[in-house]
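A quick write-up on the structure given underneath.
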Amino acid sequence: MNSNTFRMPAAVLLATGAVALLAAPPALAADGAAGKEGTSGAVVLRAGLDVGLLNKAVHVPLKASLNEVTAPATAEKTALTVTLDGAEQGRPVSVLRADVATAKATADKDRAQAESNLAHARVHVPGLPALSLVEVEKVTSKAVCEAGKKPVASANVLGTVTALGKKVTLTAGGPTRVEVPGVGQVSLELSGTQTTSTTAAAAALRLKVTVNPLNLNVAQVDGEVVLAEAHCEAPGRAAPSPRPATTPDVKPQTATRTTTQANLAETGAGSVTPYVAGGALLLLGIGAGALVVTRRGRTR
């Protein structure tokens, strides 16, 4: 029995598949995770000190972060004192006194930024309540991380700096050491900045401390103090907005094949071939019969 259906060539199937993909809704064509918000943080003072106590012959760690914030937040002149059991007769230690002590951090999907500022600041350590470890007029740090741009970090020490009562000059070439007999020594260094392709960090001033005040039950103080610190990480890039899908100008290909052409394309011969051959034989038979009758009539 003859059939009106036929198989489409592979090229035609691929063409229709490509058209279907191109015409897919934008929501299905989009790929990639949405952008994430950046991160940032700032702190006006970070201390990691080891305090040796006289009457207990023990060492007590003093780890403090004053006005530390992470985005989104702002801090101003809060939590500037710490308490260390056994030191200075149990009274709070005013590690930092400042006219201005601010830390601010913000972050969203476009930008992350942090900054820290100290003005007219005096840093103290346990056992030296009257003598400042360091005094600065103004120190600032700032870090900016914007999506798709190189992060930027800056740190500045402005005005005079005094360590253990001595005025010092800071240089970028290395640390400046100040030593006071009977008290100890401080090494001050411009901490500087550091950036990568997505992060930035800055700290205005770094101090390495070794003092032995032998006062108020404090025998030794060792460690590090960092002033005005800021850091950030850039937001992750959002996946690009998919463009509206456009249907290409593809004209439909109409199948205008005859049934015989389709079946020939299917098998290389055709399912109607037997019928054609049979009809031809029948016609040949009729023609031969007519020829015989004609010849007989002529011989009579």
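Naming scheme: A, B, ... for chains in displayed order of the structure tokens; residues 1 onward per chain; ligands 1 onward as shown.
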
Practice task
Find the residues near Val178 of chain A: any atom within 8 Å, counting only C-alpha atoms, skip ones fewer than 3 places away on the same chain, and give them as a PyMOL selection string.
Solution key: chain A and resi 163-164+166+168+185-187

Write the selection just made, keeping N, CA and C atoms, as a short mmCIF file (atom, residue, chain, number, x, y, z; two decimals), in the first residue's frame?
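Final file, again01.cif:
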```
data_model
loop_
_atom_site.label_atom_id
_atom_site.label_comp_id
_atom_site.auth_asym_id
_atom_site.auth_seq_id
_atom_site.Cartn_x
_atom_site.Cartn_y
_atom_site.Cartn_z
N ALA A 163 56.54 59.03 69.50
CA ALA A 163 56.56 57.69 70.08
C ALA A 163 57.35 57.73 71.39
N LEU A 164 56.72 57.26 72.44
CA LEU A 164 57.32 57.24 73.78
C LEU A 164 57.88 58.61 74.14
N LYS A 166 58.95 60.94 72.14
CA LYS A 166 59.94 61.50 71.21
C LYS A 166 59.30 61.70 69.84
N VAL A 168 59.20 61.73 65.96
CA VAL A 168 59.88 60.87 64.99
C VAL A 168 59.50 61.28 63.58
N GLN A 185 61.17 49.96 73.74
CA GLN A 185 61.35 50.49 72.39
C GLN A 185 60.12 50.22 71.54
N VAL A 186 59.97 51.07 70.53
CA VAL A 186 58.86 50.96 69.60
C VAL A 186 59.42 51.08 68.19
N SER A 187 58.97 50.22 67.31
CA SER A 187 59.34 50.28 65.90
C SER A 187 58.10 50.69 65.12
#
```

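Compared by their closest atoms to Val134 of chain A, and using only C-alpha atoms, the residues A:Leu207, A:Glu76, A:Arg111, A:Asn212 rank with A:Leu207 nearest.
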
Practice task
Determine, counting only C-alpha atoms, which protein, DNA and RNA residues have an atom within 12 Å of an atom of Ala73 of chain A; residues of the same chain fewer than 4 positions away are not included. Present the result as a ChimeraX atom specification.
Solution key: /A:39-43,67-69,102-107,113-115
